[in-house]
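Visitor: This is entry.tsv, which holds TSV, C-alpha atoms and all ligand atoms:
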```
chain	number	residue	atom	x	y	z
A	217	MET	CA	17.98	-14.06	13.75
A	218	LYS	CA	15.98	-15.30	10.78
A	219	ARG	CA	15.81	-12.92	7.82
A	220	ILE	CA	12.98	-10.78	6.50
A	221	MET	CA	11.82	-11.07	2.87
A	222	VAL	CA	9.87	-8.36	1.02
A	223	THR	CA	7.98	-9.28	-2.17
A	224	GLY	CA	7.18	-6.50	-4.66
A	225	ALA	CA	10.08	-4.62	-3.06
A	226	LEU	CA	10.57	-2.12	-5.89
A	227	GLY	CA	7.04	-0.73	-5.62
A	228	GLN	CA	5.80	2.44	-3.93
A	229	ILE	CA	5.69	0.87	-0.45
A	230	GLY	CA	8.45	-1.72	-0.80
A	231	SER	CA	11.09	0.81	-1.86
A	232	GLU	CA	10.70	2.66	1.44
A	233	LEU	CA	10.01	-0.41	3.56
A	234	ILE	CA	13.24	-2.23	2.68
A	235	ALA	CA	15.30	0.89	3.46
A	236	THR	CA	13.62	1.26	6.87
A	237	LEU	CA	13.90	-2.45	7.70
A	238	ARG	CA	17.58	-2.53	6.66
A	239	GLY	CA	18.26	0.53	8.82
A	240	ARG	CA	16.59	-1.16	11.77
A	241	TYR	CA	17.69	-4.83	11.47
A	242	GLY	CA	20.84	-4.65	9.31
A	243	ARG	CA	21.48	-4.56	5.58
A	244	ASP	CA	21.96	-8.33	5.14
A	245	GLN	CA	18.93	-9.24	7.24
A	246	VAL	CA	16.42	-7.97	4.66
A	247	VAL	CA	16.01	-9.67	1.27
A	248	GLY	CA	14.28	-7.61	-1.40
A	249	THR	CA	12.49	-9.51	-4.20
A	250	ASP	CA	10.53	-8.40	-7.26
A	251	ILE	CA	9.93	-9.36	-10.91
A	252	ARG	CA	12.33	-6.49	-11.76
A	253	MET	CA	15.87	-5.89	-10.53
A	254	PRO	CA	17.18	-2.59	-9.16
A	255	ILE	CA	19.80	-1.21	-11.54
A	256	GLY	CA	23.00	0.82	-11.23
A	257	SER	CA	23.35	2.89	-8.07
A	258	ASP	CA	19.73	2.32	-7.01
A	259	PRO	CA	19.82	2.37	-3.15
A	260	ARG	CA	17.44	-0.60	-3.10
A	261	ALA	CA	20.32	-2.67	-4.51
A	262	THR	CA	22.44	-2.09	-1.39
A	263	GLY	CA	21.55	-5.43	0.18
A	264	PRO	CA	20.45	-8.90	-0.88
A	265	PHE	CA	18.00	-8.81	-3.79
A	266	GLU	CA	16.46	-11.68	-5.81
A	267	LEU	CA	14.46	-11.72	-9.02
A	268	LEU	CA	11.32	-13.56	-7.85
A	269	ASP	CA	7.87	-14.01	-9.36
A	270	VAL	CA	5.41	-14.85	-6.57
A	271	LEU	CA	3.53	-17.01	-9.08
A	272	ASP	CA	6.47	-19.46	-9.05
A	273	PRO	CA	6.08	-21.42	-5.77
A	274	ASN	CA	9.22	-23.51	-6.28
A	275	HIS	CA	11.46	-20.48	-6.69
A	276	LEU	CA	9.71	-18.78	-3.78
A	277	THR	CA	10.46	-21.62	-1.37
A	278	ARG	CA	14.02	-21.94	-2.72
A	279	VAL	CA	14.75	-18.27	-2.00
A	280	MET	CA	13.22	-18.64	1.46
A	281	GLN	CA	15.35	-21.70	2.19
A	282	ILE	CA	18.59	-20.09	0.95
A	283	TYR	CA	18.08	-16.96	3.05
A	284	ASP	CA	16.49	-18.64	6.10
A	285	ILE	CA	13.41	-16.40	6.00
A	286	GLY	CA	11.31	-15.96	9.16
A	287	THR	CA	9.12	-13.00	8.18
A	288	ILE	CA	7.50	-12.05	4.85
A	289	TYR	CA	6.12	-8.65	3.95
A	290	HIS	CA	4.07	-9.67	0.92
A	291	LEU	CA	3.60	-6.52	-1.19
A	292	ALA	CA	3.56	-7.88	-4.77
A	293	ALA	CA	0.17	-7.04	-6.30
A	294	ILE	CA	-1.76	-5.24	-9.03
A	295	LEU	CA	-3.52	-2.06	-7.83
A	296	SER	CA	-7.12	-0.97	-8.39
A	297	ALA	CA	-7.09	0.98	-11.67
A	298	VAL	CA	-4.74	-1.42	-13.47
A	299	GLY	CA	-6.68	-4.32	-11.91
A	300	GLU	CA	-9.92	-3.16	-13.54
A	301	SER	CA	-8.26	-3.18	-16.96
A	302	GLN	CA	-6.55	-6.56	-16.30
A	303	PRO	CA	-8.91	-8.44	-13.93
A	304	ASN	CA	-7.54	-11.86	-14.82
A	305	GLN	CA	-3.96	-10.81	-14.05
A	306	ALA	CA	-5.13	-9.08	-10.85
A	307	TRP	CA	-6.70	-12.32	-9.60
A	308	ARG	CA	-3.63	-14.37	-10.50
A	309	ILE	CA	-1.09	-12.13	-8.85
A	310	ASN	CA	-3.15	-10.91	-5.90
A	311	VAL	CA	-4.76	-14.24	-4.94
A	312	ASN	CA	-2.56	-17.01	-6.36
A	313	GLY	CA	0.55	-15.07	-5.36
A	314	LEU	CA	-0.71	-14.70	-1.78
A	315	TYR	CA	-1.69	-18.37	-1.67
A	316	ASN	CA	1.87	-19.35	-2.68
A	317	VAL	CA	3.28	-17.08	0.02
A	318	LEU	CA	0.96	-18.48	2.70
A	319	GLU	CA	1.79	-22.07	1.74
A	320	ALA	CA	5.51	-21.28	1.89
A	321	ALA	CA	4.97	-19.54	5.25
A	322	ARG	CA	3.18	-22.66	6.51
A	323	TYR	CA	6.13	-24.83	5.47
A	324	TYR	CA	8.79	-22.56	6.99
A	325	ARG	CA	6.62	-21.30	9.91
A	326	CYS	CA	6.98	-17.62	8.93
A	327	GLN	CA	5.20	-14.50	10.11
A	328	VAL	CA	3.34	-12.82	7.19
A	329	PHE	CA	2.28	-9.20	6.63
A	330	PHE	CA	-0.52	-8.68	4.08
A	331	PRO	CA	-1.54	-5.19	2.91
A	332	SER	CA	-5.27	-4.90	2.35
A	333	SER	CA	-7.01	-1.72	1.22
A	334	ILE	CA	-9.99	0.62	1.42
A	335	GLY	CA	-10.85	-1.24	-1.81
A	336	VAL	CA	-12.38	-4.12	0.20
A	337	PHE	CA	-15.44	-1.95	0.78
A	338	GLY	CA	-18.22	-1.31	-1.71
A	339	PRO	CA	-21.24	0.91	-2.30
A	340	THR	CA	-23.35	-0.85	0.36
A	341	THR	CA	-20.75	-0.21	3.10
A	342	PRO	CA	-21.40	2.73	5.47
A	343	ARG	CA	-19.33	5.53	3.91
A	344	ASP	CA	-18.57	7.74	6.90
A	345	TYR	CA	-16.46	6.38	9.76
A	346	THR	CA	-16.67	2.98	8.10
A	347	PRO	CA	-16.61	0.48	10.99
A	348	GLN	CA	-13.90	-2.16	11.40
A	349	ASP	CA	-16.46	-4.97	11.07
A	350	THR	CA	-19.05	-4.11	8.43
A	351	VAL	CA	-20.54	-4.97	5.04
A	352	GLN	CA	-17.85	-5.91	2.47
A	353	ARG	CA	-19.24	-6.26	-1.05
A	354	PRO	CA	-16.52	-4.68	-3.27
A	355	GLU	CA	-17.33	-4.12	-6.94
A	356	THR	CA	-13.77	-4.04	-8.34
A	357	MET	CA	-11.58	-7.07	-9.03
A	358	TYR	CA	-8.94	-5.39	-6.84
A	359	GLY	CA	-11.41	-5.26	-3.94
A	360	VAL	CA	-12.49	-8.86	-4.53
A	361	THR	CA	-8.86	-10.03	-4.44
A	362	LYS	CA	-8.02	-8.00	-1.33
A	363	LEU	CA	-11.08	-9.28	0.53
A	364	THR	CA	-10.15	-12.83	-0.50
A	365	GLY	CA	-6.66	-12.10	0.86
A	366	GLU	CA	-8.07	-10.96	4.22
A	367	LEU	CA	-10.09	-14.17	4.48
A	368	LEU	CA	-7.16	-16.38	3.41
A	369	CYS	CA	-4.92	-14.79	6.03
A	370	ASP	CA	-7.59	-15.32	8.72
A	371	TYR	CA	-7.91	-18.94	7.59
A	372	TYR	CA	-4.19	-19.67	7.70
A	373	HIS	CA	-4.02	-18.20	11.19
A	374	ARG	CA	-7.01	-20.15	12.49
A	375	ARG	CA	-6.33	-23.43	10.70
A	376	PHE	CA	-2.51	-23.58	10.63
A	377	ASP	CA	-1.55	-21.14	13.40
A	378	ILE	CA	0.42	-18.92	10.99
A	379	ASP	CA	1.10	-15.47	12.45
A	380	THR	CA	-0.61	-13.45	9.70
A	381	ARG	CA	-1.23	-9.72	10.26
A	382	GLY	CA	-2.61	-7.02	7.97
A	383	LEU	CA	-3.77	-3.46	7.46
A	384	ARG	CA	-6.41	-1.85	5.27
A	385	PHE	CA	-4.30	0.96	3.83
A	386	PRO	CA	-5.85	4.17	2.53
A	387	GLY	CA	-4.34	5.83	-0.55
A	388	LEU	CA	-0.62	6.29	0.13
A	389	ILE	CA	1.24	9.50	-0.63
A	390	SER	CA	5.01	9.52	-1.14
A	391	TYR	CA	7.75	11.15	-3.19
A	392	LYS	CA	10.45	8.46	-3.44
A	393	THR	CA	8.73	6.00	-5.82
A	394	ASP	CA	5.76	6.58	-8.13
A	395	PRO	CA	2.44	4.98	-7.17
A	396	GLY	CA	1.62	1.79	-9.05
A	397	GLY	CA	-1.64	2.42	-10.91
A	398	GLY	CA	-4.25	3.01	-8.21
A	399	THR	CA	-7.33	5.19	-7.99
A	400	THR	CA	-5.70	7.42	-5.38
A	401	ASP	CA	-2.58	8.26	-7.46
A	402	TYR	CA	-3.84	11.80	-8.12
A	403	ALA	CA	-2.79	12.72	-4.58
A	404	VAL	CA	0.86	12.18	-5.62
A	405	GLU	CA	0.71	13.48	-9.23
A	406	ILE	CA	-0.73	16.80	-8.05
A	407	PHE	CA	2.47	17.70	-6.14
A	408	TYR	CA	4.76	17.21	-9.16
A	409	ALA	CA	2.37	19.18	-11.36
A	410	ALA	CA	2.08	21.98	-8.76
A	411	VAL	CA	5.85	22.37	-8.34
A	412	ARG	CA	6.63	22.17	-12.08
A	413	HIS	CA	3.69	23.83	-13.78
A	414	SER	CA	1.50	25.40	-11.04
A	415	ARG	CA	-1.46	23.59	-12.54
A	416	TYR	CA	-3.00	20.12	-12.45
A	417	THR	CA	-5.88	18.37	-14.21
A	418	CYS	CA	-7.51	15.92	-11.84
A	419	TYR	CA	-9.24	12.72	-12.97
A	420	LEU	CA	-11.58	12.61	-9.93
A	421	ARG	CA	-14.44	15.01	-9.17
A	422	PRO	CA	-13.55	17.88	-6.81
A	423	ASP	CA	-15.79	16.57	-3.99
A	424	THR	CA	-14.51	12.95	-3.94
A	425	SER	CA	-13.51	12.26	-0.33
A	426	LEU	CA	-11.07	9.39	0.30
A	427	ASP	CA	-8.84	8.31	3.18
A	428	MET	CA	-5.16	9.02	2.58
A	429	MET	CA	-1.92	8.48	4.50
A	430	TYR	CA	1.66	9.76	4.23
A	431	MET	CA	4.20	7.00	3.59
A	432	PRO	CA	6.24	7.42	6.84
A	433	ASP	CA	3.07	6.68	8.85
A	434	ALA	CA	2.29	3.65	6.65
A	435	ILE	CA	5.79	2.16	7.07
A	436	ARG	CA	5.71	2.73	10.83
A	437	ALA	CA	2.23	1.15	11.05
A	438	MET	CA	3.41	-2.03	9.30
A	439	ILE	CA	6.40	-2.49	11.58
A	440	GLU	CA	4.44	-1.64	14.76
A	441	LEU	CA	1.70	-4.12	13.86
A	442	MET	CA	4.25	-6.87	13.19
A	443	GLN	CA	5.83	-6.20	16.61
A	444	ALA	CA	2.52	-5.94	18.50
A	445	ASP	CA	1.68	-8.33	21.33
A	446	PRO	CA	-0.34	-11.08	19.59
A	447	ALA	CA	-2.49	-11.58	22.69
A	448	ARG	CA	-3.97	-8.11	22.15
A	449	LEU	CA	-4.83	-8.61	18.46
A	450	ARG	CA	-8.51	-9.47	18.21
A	451	HIS	CA	-8.74	-8.56	14.50
A	452	ARG	CA	-5.19	-9.48	13.45
A	453	ASN	CA	-5.77	-9.24	9.69
A	454	ALA	CA	-7.07	-6.17	8.04
A	455	PHE	CA	-7.19	-3.37	10.59
A	456	ASN	CA	-8.82	-0.19	9.29
A	457	LEU	CA	-6.09	2.46	9.26
A	458	ALA	CA	-6.69	6.20	8.96
A	459	ALA	CA	-4.71	9.43	9.16
A	460	MET	CA	-6.50	12.04	7.03
A	461	ALA	CA	-9.40	12.17	4.57
A	462	PHE	CA	-9.73	14.88	1.94
A	463	THR	CA	-11.18	15.72	-1.47
A	464	PRO	CA	-9.16	16.92	-4.50
A	465	GLU	CA	-10.62	20.38	-3.85
A	466	GLN	CA	-9.36	20.38	-0.25
A	467	LEU	CA	-5.91	19.11	-1.26
A	468	ALA	CA	-5.68	21.78	-3.97
A	469	ALA	CA	-6.63	24.46	-1.41
A	470	ALA	CA	-3.88	23.25	0.93
A	471	ILE	CA	-1.34	23.44	-1.93
A	472	ARG	CA	-2.62	26.90	-2.94
A	473	ARG	CA	-1.92	28.17	0.59
A	474	ARG	CA	1.75	27.45	-0.23
A	475	ILE	CA	1.85	28.03	-4.02
A	476	ALA	CA	-0.46	31.01	-4.56
A	477	ASP	CA	-0.84	30.69	-8.35
A	478	PHE	CA	-1.61	26.94	-8.30
A	479	GLU	CA	-4.69	26.06	-10.36
A	480	ILE	CA	-6.64	22.81	-10.53
A	481	SER	CA	-9.06	21.75	-13.25
A	482	TYR	CA	-11.04	18.54	-13.67
A	483	ARG	CA	-11.38	16.01	-16.49
A	484	VAL	CA	-13.13	13.09	-14.85
A	485	ASP	CA	-12.05	9.55	-15.78
A	486	PRO	CA	-15.30	7.56	-15.42
A	487	ALA	CA	-13.47	4.31	-14.63
A	488	ARG	CA	-11.52	5.66	-11.69
A	489	GLN	CA	-14.40	7.88	-10.52
A	490	THR	CA	-16.65	4.80	-10.31
A	491	ILE	CA	-14.05	3.02	-8.21
A	492	ALA	CA	-13.57	6.01	-5.90
A	493	ASP	CA	-17.34	6.44	-5.51
A	494	SER	CA	-17.62	2.87	-4.22
A	495	TRP	CA	-15.01	3.42	-1.47
A	496	PRO	CA	-15.50	4.99	1.99
A	497	ASN	CA	-15.23	8.73	2.62
A	498	CYS	CA	-13.29	7.97	5.81
A	499	MET	CA	-12.67	4.89	7.99
A	500	ASP	CA	-12.98	4.33	11.73
A	501	ASP	CA	-9.59	3.00	12.91
A	502	SER	CA	-10.45	2.66	16.60
A	503	ALA	CA	-9.67	-1.10	16.60
A	504	ALA	CA	-6.08	-0.40	15.46
A	505	ARG	CA	-5.77	2.31	18.12
A	506	ALA	CA	-7.11	0.05	20.88
A	507	GLU	CA	-5.42	-3.24	19.96
A	508	TRP	CA	-1.87	-2.12	19.10
A	509	GLY	CA	-1.71	1.60	19.86
A	510	TRP	CA	-1.90	3.05	16.33
A	511	ARG	CA	-1.48	6.87	16.14
A	512	PRO	CA	-0.82	8.76	12.87
A	513	GLU	CA	1.79	11.54	12.93
A	514	TYR	CA	0.97	13.29	9.64
A	515	ASP	CA	-2.23	15.26	9.01
A	516	LEU	CA	-3.03	17.09	5.75
A	517	GLU	CA	-1.04	20.26	6.56
A	518	ARG	CA	2.09	18.47	7.76
A	519	MET	CA	2.00	16.05	4.80
A	520	VAL	CA	1.64	18.89	2.25
A	521	ASP	CA	4.59	20.79	3.77
A	522	ASP	CA	6.81	17.73	3.63
A	523	MET	CA	5.73	16.63	0.13
A	524	LEU	CA	6.29	20.09	-1.37
A	525	GLU	CA	9.73	20.36	0.23
A	526	HIS	CA	10.87	16.99	-1.14
A	527	VAL	CA	9.19	17.23	-4.55
A	528	ALA	CA	10.83	20.65	-5.04
A	529	GLU	CA	14.23	19.06	-4.32
A	530	ARG	CA	13.48	16.53	-7.10
A	531	ALA	CA	12.05	19.07	-9.54
A	532	ASP	CA	14.95	18.72	-11.98
A	533	GLU	CA	14.85	14.92	-12.11
A	534	PRO	CA	13.04	13.36	-15.07
A	535	HIS	CA	9.57	12.40	-13.85
A	536	ASP	CA	6.37	11.50	-15.62
A	537	SER	CA	3.76	13.02	-13.34
A	538	THR	CA	0.96	10.94	-14.81
A	539	SER	CA	0.32	7.73	-12.92
A	540	ARG	CA	1.19	4.25	-14.14
A	541	ALA	CA	-2.57	3.68	-14.56
A	542	ARG	CA	-2.84	6.54	-17.02
A	543	ARG	CA	0.36	5.55	-18.79
A	544	GLY	CA	-0.93	1.97	-18.99
A	545	SER	CA	2.26	0.48	-17.61
A	601	LIG	P1	3.26	-1.08	-6.55
A	601	LIG	O1	2.42	-1.36	-7.75
A	601	LIG	O2	3.97	0.21	-6.46
A	601	LIG	O3	4.34	-2.23	-6.38
A	601	LIG	C1	4.01	-3.59	-6.56
A	601	LIG	C2	5.29	-4.33	-6.93
A	601	LIG	O4	4.95	-5.70	-7.14
A	601	LIG	C3	5.95	-3.81	-8.21
A	601	LIG	O5	7.29	-3.44	-7.96
A	601	LIG	C4	5.86	-4.99	-9.17
A	601	LIG	O6	6.98	-5.09	-10.03
A	601	LIG	C5	5.76	-6.17	-8.22
A	601	LIG	N1	5.11	-7.32	-8.80
A	601	LIG	C6	4.06	-7.36	-9.65
A	601	LIG	N2	3.79	-8.62	-10.00
A	601	LIG	C7	4.66	-9.42	-9.34
A	601	LIG	C8	4.88	-10.83	-9.28
A	601	LIG	N3	4.15	-11.68	-10.01
A	601	LIG	N4	5.85	-11.28	-8.46
A	601	LIG	C9	6.63	-10.42	-7.76
A	601	LIG	N5	6.49	-9.08	-7.79
A	601	LIG	C10	5.51	-8.58	-8.57
A	601	LIG	O7	2.32	-1.32	-5.28
A	601	LIG	P2	2.45	-0.65	-3.82
A	601	LIG	O8	1.74	0.64	-3.86
A	601	LIG	O9	3.85	-0.70	-3.34
A	601	LIG	O10	1.53	-1.63	-3.00
A	601	LIG	C11	2.06	-2.73	-2.30
A	601	LIG	C12	0.89	-3.46	-1.65
A	601	LIG	O11	0.15	-2.57	-0.82
A	601	LIG	C13	-0.12	-4.03	-2.67
A	601	LIG	O12	-0.59	-5.26	-2.18
A	601	LIG	C14	-1.23	-3.01	-2.65
A	601	LIG	O13	-2.47	-3.59	-2.98
A	601	LIG	C15	-1.22	-2.56	-1.21
A	601	LIG	N6	-1.80	-1.23	-1.04
A	601	LIG	C16	-1.20	-0.14	-1.59
A	601	LIG	C17	-1.79	1.12	-1.43
A	601	LIG	C18	-1.18	2.35	-2.03
A	601	LIG	O14	-1.81	3.42	-2.01
A	601	LIG	N7	0.05	2.28	-2.55
A	601	LIG	C19	-2.98	1.23	-0.71
A	601	LIG	C20	-3.58	0.08	-0.19
A	601	LIG	C21	-2.96	-1.15	-0.34
A	602	LIG	N1	-4.14	3.31	-3.44
A	602	LIG	C1	-4.76	2.06	-3.75
A	602	LIG	C2	-5.45	2.12	-5.06
A	602	LIG	O1	-5.92	3.19	-5.40
A	602	LIG	C3	-5.75	1.69	-2.67
A	602	LIG	O2	-5.64	0.36	-2.42
A	602	LIG	O3	-5.53	1.12	-5.72
```
Output the file's structure in the form of structure tokens.
Guide:
Amino acid sequence: MKRIMVTGALGQIGSELIATLRGRYGRDQVVGTDIRMPIGSDPRATGPFELLDVLDPNHLTRVMQIYDIGTIYHLAAILSAVGESQPNQAWRINVNGLYNVLEAARYYRCQVFFPSSIGVFGPTTPRDYTPQDTVQRPETMYGVTKLTGELLCDYYHRRFDIDTRGLRFPGLISYKTDPGGGTTDYAVEIFYAAVRHSRYTCYLRPDTSLDMMYMPDAIRAMIELMQADPARLRHRNAFNLAAMAFTPEQLAAAIRRRIADFEISYRVDPARQTIADSWPNCMDDSAARAEWGWRPEYDLERMVDDMLEHVAERADEPHDSTSRARRGS
């Protein structure tokens, strides 16, 4: 069996994806790659791992040749909040990096997974139950790069018959690895702040509704889509994907039902609020349900129970509960 390669494997999604893929297909079948290396006893180091910049096409193809890669989960990217402060870098990594991956996939005839985002929509998109096929005029560089990625993946499928598949992820919530500088990071930070200090200052307005998803559902969705019968995939790239939509106020209320003295306050960051205001309140994911049987397992209540349990277990570990966007790293 040809091997699977994950780019950006040390990020919020990649860290959990490589563990799941290794559990399913075997430790040596999954090659993690990133511009950083896992260190010490990091569990992500328990399998093949290569230092790889997706902007270096020669190294990319060399790694793919050495490991006989047949499938690429291409996760390396810059997220929305960091992308707005570094638009040039966001274009380079998100678009040129994907182009290099698609060209390498064309050469080695690989299957490619591409993660798109709610960020591909803009203020002129219908906000409630945003349809699968609708207006896409994003106003962030992140959204522009993700929409370009959707179109590139469609093109490589149509023109070169590359098996590209993709999902429009909502904000992802997880406890194993910090989020990477997105607009939705508050939905992770709030849990650490609640467990440690019983209070949190949110950078979005209390009534800002956004789609969110718990990481186990996101990982399962990626693998299920990659295994789906291609004959049933009419959309192929960029399926809307939904599980729950909530506001900071509603998430805080759910936490307060479990931590009675939890308090939330608001100090709005205009940059991230503007981004969030241009994204849907909630997406219609009926195409994903119809074409490959998507069903989420975690709703708000189940996600909050699980997050609080695991974040409490990690309460003594050093953790900076402000996002990478706020820390500027
Ligand atoms: P992340 O920021 O946590 O991880 C990205 C990883 O890419 C990092 O480990 C980083 O070191 C690596 N990277 C950056 N530049 C690189 C380069 N030039 N070459 C190789 N690696 C590089 O991001 P994530 O949350 O894991 O997201 C993964 C993908 O999913 C991204 O494409 C993102 O746009 C998409 N996505 C994420 C979310 C979310 O909420 N996390 C939502 C929608 C879409
Ligand atoms: N969670 C991501 C972000 O906020 C959505 O793509 O950037």
Visitor: Just the number, please: distance in Å from CA of Ile234 (chain A) to CA of Ser332 (chain A), one decimal.
Guide: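 According to the coordinates, CA of Ile234 (chain A) and CA of Ser332 (chain A) are separated by 18.7 Å.
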Visitor: Please determine, counting only C-alpha atoms and all ligand atoms, which residue among A:Asp394, A:Glu517, A:Glu266, A:Asp433 has the shortest atom-to-atom distance to ligand LIG 602 (chain A).
Guide: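 Using only C-alpha atoms and all ligand atoms, ligand LIG 602 (chain A) sits closest to A:Asp394.
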Visitor: Taking all atoms listed in the file into account, list the residues no farther than 8 Å from ligand LIG 601 (chain A), as a VMD selection string.
Guide: chain A and resid 223 to 231 249 to 252 268 to 271 290 to 296 309 to 310 313 330 to 335 358 362 384 to 389 393 to 398 400 to 401 428
Visitor: Please compute the CA of Val411 (chain A)-CA of Val520 (chain A) distance, one decimal, in Å.
Guide: 11.9 Å
Visitor: Kindly indicate which residue among A:Met523, A:Cys498, A:Leu367, A:Ala528 lies nearest to Asn453 (chain A), using all atoms listed in the file for the distances.
Guide: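 Smallest separation from Asn453 (chain A) among the options: A:Leu367.
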Visitor: Do you have the CA of Asp344 (chain A)-CA of Asp423 (chain A) distance handy?
Guide: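 A separation of 14.3 Å between them.
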Visitor: Show me the residues around (-11.2, -7.8, -7.0) - criterion: an atom at most 8 Å away, only C-alpha atoms counted - as a PDB file with C-alpha atoms, keeping the file's coordinate frame.
Guide:
```
ATOM      1  CA  GLY A 299      -6.680  -4.320 -11.910  1.00  0.00           C
ATOM      2  CA  PRO A 303      -8.910  -8.440 -13.930  1.00  0.00           C
ATOM      3  CA  ALA A 306      -5.130  -9.080 -10.850  1.00  0.00           C
ATOM      4  CA  TRP A 307      -6.700 -12.320  -9.600  1.00  0.00           C
ATOM      5  CA  PRO A 354     -16.520  -4.680  -3.270  1.00  0.00           C
ATOM      6  CA  GLU A 355     -17.330  -4.120  -6.940  1.00  0.00           C
ATOM      7  CA  THR A 356     -13.770  -4.040  -8.340  1.00  0.00           C
ATOM      8  CA  MET A 357     -11.580  -7.070  -9.030  1.00  0.00           C
ATOM      9  CA  TYR A 358      -8.940  -5.390  -6.840  1.00  0.00           C
ATOM     10  CA  GLY A 359     -11.410  -5.260  -3.940  1.00  0.00           C
ATOM     11  CA  VAL A 360     -12.490  -8.860  -4.530  1.00  0.00           C
ATOM     12  CA  THR A 361      -8.860 -10.030  -4.440  1.00  0.00           C
ATOM     13  CA  LYS A 362      -8.020  -8.000  -1.330  1.00  0.00           C
ATOM     14  CA  LEU A 363     -11.080  -9.280   0.530  1.00  0.00           C
TER      15      LEU A 363
END
```
Visitor: Looking at all atoms listed in the file, which of A:Thr350, A:Ser390, A:Gln245, A:Thr341 is the one that sits closest to ligand LIG 602 (chain A)?
Guide: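 The closest residue to ligand LIG 602 (chain A) is A:Ser390.
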Visitor: Show me, as a list in words, the residues that have an atom within 10 Å of Asp485 (chain A) when counting all atoms listed in the file, minus same-chain residues fewer than 3 positions from it.
Guide: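 In the requested format, the answer is Cys418, Tyr419, Leu420, Arg421, Tyr482, Arg488, Gln489, Thr490 and Arg542 of chain A.
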Visitor: Pick the closest to ligand LIG 602 (chain A) from A:Ser414, A:Asn497, A:Thr287, A:Thr399: which is it, counting all atoms listed in the file?
Guide: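 The shortest atom-to-atom distance to ligand LIG 602 (chain A) comes from A:Thr399.
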Visitor: Calculated over only C-alpha atoms and all ligand atoms, which of the candidates A:Ala434, A:Ala454, A:Ala297, A:Cys369 has the smallest distance to ligand LIG 602 (chain A)?
Guide: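 The shortest atom-to-atom distance to ligand LIG 602 (chain A) comes from A:Ala297.
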Visitor: Calculated over all atoms listed in the file, which of the candidates A:Ala403, A:Ala444, A:Ile480, A:Val246 has the smallest distance to ligand LIG 602 (chain A)?
Guide: A:Ala403
Visitor: Tell me which protein, DNA and RNA residues are within 7 Å of Arg415 (chain A), counting only C-alpha atoms, leaving out same-chain ones fewer than 5 positions away, and put them as number ranges by chain.
Guide: A: 409-410, 478-480
